[in-house]
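Trainee: There's a structure below that I have some questions on.
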Amino acid sequence: MRAAMVWLPLAALVLWTVGPFLISLSVSFKQPAQVFSDPGLIPAQPTLDAYFRVIERPGFQQALWNSVVIAFGSLILTLVVGVPAAYALARFRFRGRHLLLLFSLLPMLVPKVGLMFPLFLLAVNLGAFDSRIFMILVFTGMLLPLAVWLLLGFFEAIPRDLEEAAAVDGATQMGAIIHIILPLSIPALLTVAVLAFREAWNEFELVLALTMTGNSRTLPYELFLMQDATGIADFPVQNAFALLTIVPLILVYLRIERYAAEGLLSGAVK
Amino acid sequence: MATGARSGAAATRIVGWQHSGIAYLSSAPAMIIVAMVLAFPVLFALWQSFFGVSPIRGEQPFVGFGNYTRVFSDPQFWASLGRTAIFVFGVIALGLTLSIIFAFALNRVVSGLRFIRGIAILPYIVSSVAAALMFRTLFNSDFGFPNQMLEFFGFAGIPWLSNGNWAMLVIIVAQVWTDLPLALLFILGGLQTIDKQLHEAALVDGATGWRSALYISLPLIVPQITLATVWLSFKAVTSLGTILALTGGGPGDSTQLLTLEMVRLGFDEYDTGTAMALVIIIFLLNAGLTLFYLGLQRKFGMK
């Protein structure tokens, strides 16, 4: 009886989480007509047809490329800009430091939907509308506060003695950062990288606001448009597309689930 | 103060390395980017909300609080605010119930916790549009799983997405599905910090599993429950992609929330000033709700 009170909710949890994936997977292996005629979970005649039709779409290929460029661009820029800032905050006490720390709370106060329209106008006025580079900048800005916060906590936990020893041995500060701090910080760097990648890969609202053509549109927006364009809903293609956008993240995430879970928590709590 | 700062500087001094110039230089790029994409747009929205209608570069008369009074006298605004209230309340009610039940169960897991927790976090990596499309399939009235079940047991199927009230329920469920992982992790984190001895003491006093959970654990994790509430509420108030891709605000206007109203005003009608006023109202709504939850926690939380 007592065991049931633990296992029943756990079973419900797994069903609640995995159920929608399974149904989506099932539909993606059917022909459009079979979705209605063969509604069972396991398709009578499974086919990869929907996946081929997604991959062959020019819109999908271009959007995939845009997503890859923008997600990796944001990830790299976040680290390149975030690491020095976090290091400076962790190691120096300088005027304005508290103001910088306050900056890291901004995303908690400013929801992304609120930024759609102002950023759209900014992009138009800068001539940066529909530009992948501008989107990389925007996504980096969205993630930097959290990234700096995570890295700052990590850097502060690294004993200063290590760098002082390096200084005594004649290392430059840059040398100490590259050879001592960064190798020790790999878990934190990985966490930030995954969070940045996920943010850019999944972003929809800001892509909706900042893009116009297929040249810069990423996968979620392409998926959203396809749903409108197909007229009578082509359920297998929609689900195959949705699952194809999720797969890369699942692969990355399964490898570093531990960092991701801890990063999520530490990042979200402050 | 000055001595404090100086001793702080002394504590951080590393032989021959101390340059605050480098500190500024290395944090400047981050600061500039954040200022450009986060701080500036908010100030810009605030500024624009005081100006009249304009296509992107046209004439813009200063109207003071005119846009706000226009918003507040618009019955559409109040209708969408009411729908947002139902949506947010539904998300918090369902989200907290599920995350508390699931977290208590996960907390009892001895082995394999990481595996199940890993599964539980999966929805977090799904984009809002992909989740919405999965739920469109799931809640299809012809072949969707809920209707198949209902028909199997001899009930009539429900027109999930073509009836306004059911559509509201579907977007609530989809929103909770997407945002449950973090709420669950917050509460699980709280439970795991509770001293096991407390439960053993309660057991000696005759409190059994769920009674001890209710009277001992729950009061101790009020801060984490508050955090989960703030998170669910914030995500629900600002939810757009899920709803846009799932119902598009329909059927009729039944799921036209504040955020969709903002998109309609800004991007469909180019009513810059009013859209910005709505942006500011959404900011304030979030801030107000957060303060409200913290107030509730103070009132009913730990003495």
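Ordering of the structure tokens sets the chain letters (A, B, ...), residue numbers begin anew at 1 in every chain, and ligands are numbered from 1 in the order given.
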Just need the residues of chain A within 7 Å of chain B, counting only C-alpha atoms, so spit them out as a ChimeraX atom specification.
Mentor: /A:6,9-10,13-14,17,20,23-24,36,39,81-82,84-85,88,91-94,110-111,113-115,117-119,137-138,141,144,164,167,173,198,202-205,220,224,235,239,242,246,249,257
Trainee: List the spatial neighbours of Leu257 (chain B) as a list in words - criterion: any atom at most 6 Å away, only C-alpha atoms, same-chain residues fewer than 4 positions off excluded.
Mentor: Ser80, Arg83 and Thr84 of chain B
Trainee: Need the shell around Phe89 (chain B): protein/DNA/RNA residues with any atom at most 12 Å away, counting only C-alpha atoms. Skip same-chain ones fewer than 3 positions apart. Format as a ChimeraX atom specification?
Mentor: /B:82-86,92-96,168-169,172,175-176,229-230,232-237,289
Trainee: Kindly export the residues of the current selection with C-alpha atoms, as a PDB file, in the first residue's frame.
Mentor:
```
ATOM      1  CA  GLY B  82      -9.710  38.077 -17.600  1.00  0.00           C
ATOM      2  CA  ARG B  83      -8.678  35.181 -19.856  1.00  0.00           C
ATOM      3  CA  THR B  84      -5.058  35.666 -18.782  1.00  0.00           C
ATOM      4  CA  ALA B  85      -6.167  35.496 -15.138  1.00  0.00           C
ATOM      5  CA  ILE B  86      -7.996  32.198 -15.735  1.00  0.00           C
ATOM      6  CA  ILE B  92      -0.491  27.522 -11.047  1.00  0.00           C
ATOM      7  CA  ALA B  93      -3.200  25.216  -9.656  1.00  0.00           C
ATOM      8  CA  LEU B  94      -2.387  22.286 -11.949  1.00  0.00           C
ATOM      9  CA  GLY B  95       1.366  22.952 -11.968  1.00  0.00           C
ATOM     10  CA  LEU B  96       1.732  23.123  -8.172  1.00  0.00           C
ATOM     11  CA  MET B 168      -8.476  26.999 -22.509  1.00  0.00           C
ATOM     12  CA  LEU B 169      -7.991  23.731 -20.627  1.00  0.00           C
ATOM     13  CA  ILE B 172      -3.246  25.205 -19.586  1.00  0.00           C
ATOM     14  CA  GLN B 175       1.802  25.159 -20.629  1.00  0.00           C
ATOM     15  CA  VAL B 176       2.111  23.086 -17.455  1.00  0.00           C
ATOM     16  CA  THR B 229       4.663  29.605  -7.986  1.00  0.00           C
ATOM     17  CA  VAL B 230       6.630  32.657  -9.075  1.00  0.00           C
ATOM     18  CA  LEU B 232       4.903  29.098 -13.146  1.00  0.00           C
ATOM     19  CA  SER B 233       3.124  32.435 -12.922  1.00  0.00           C
ATOM     20  CA  PHE B 234       5.897  34.335 -14.722  1.00  0.00           C
ATOM     21  CA  LYS B 235       5.944  31.790 -17.544  1.00  0.00           C
ATOM     22  CA  ALA B 236       2.152  31.762 -17.827  1.00  0.00           C
ATOM     23  CA  VAL B 237       1.740  35.549 -17.897  1.00  0.00           C
ATOM     24  CA  LEU B 289       2.087  39.118  -8.891  1.00  0.00           C
TER      25      LEU B 289
END
```
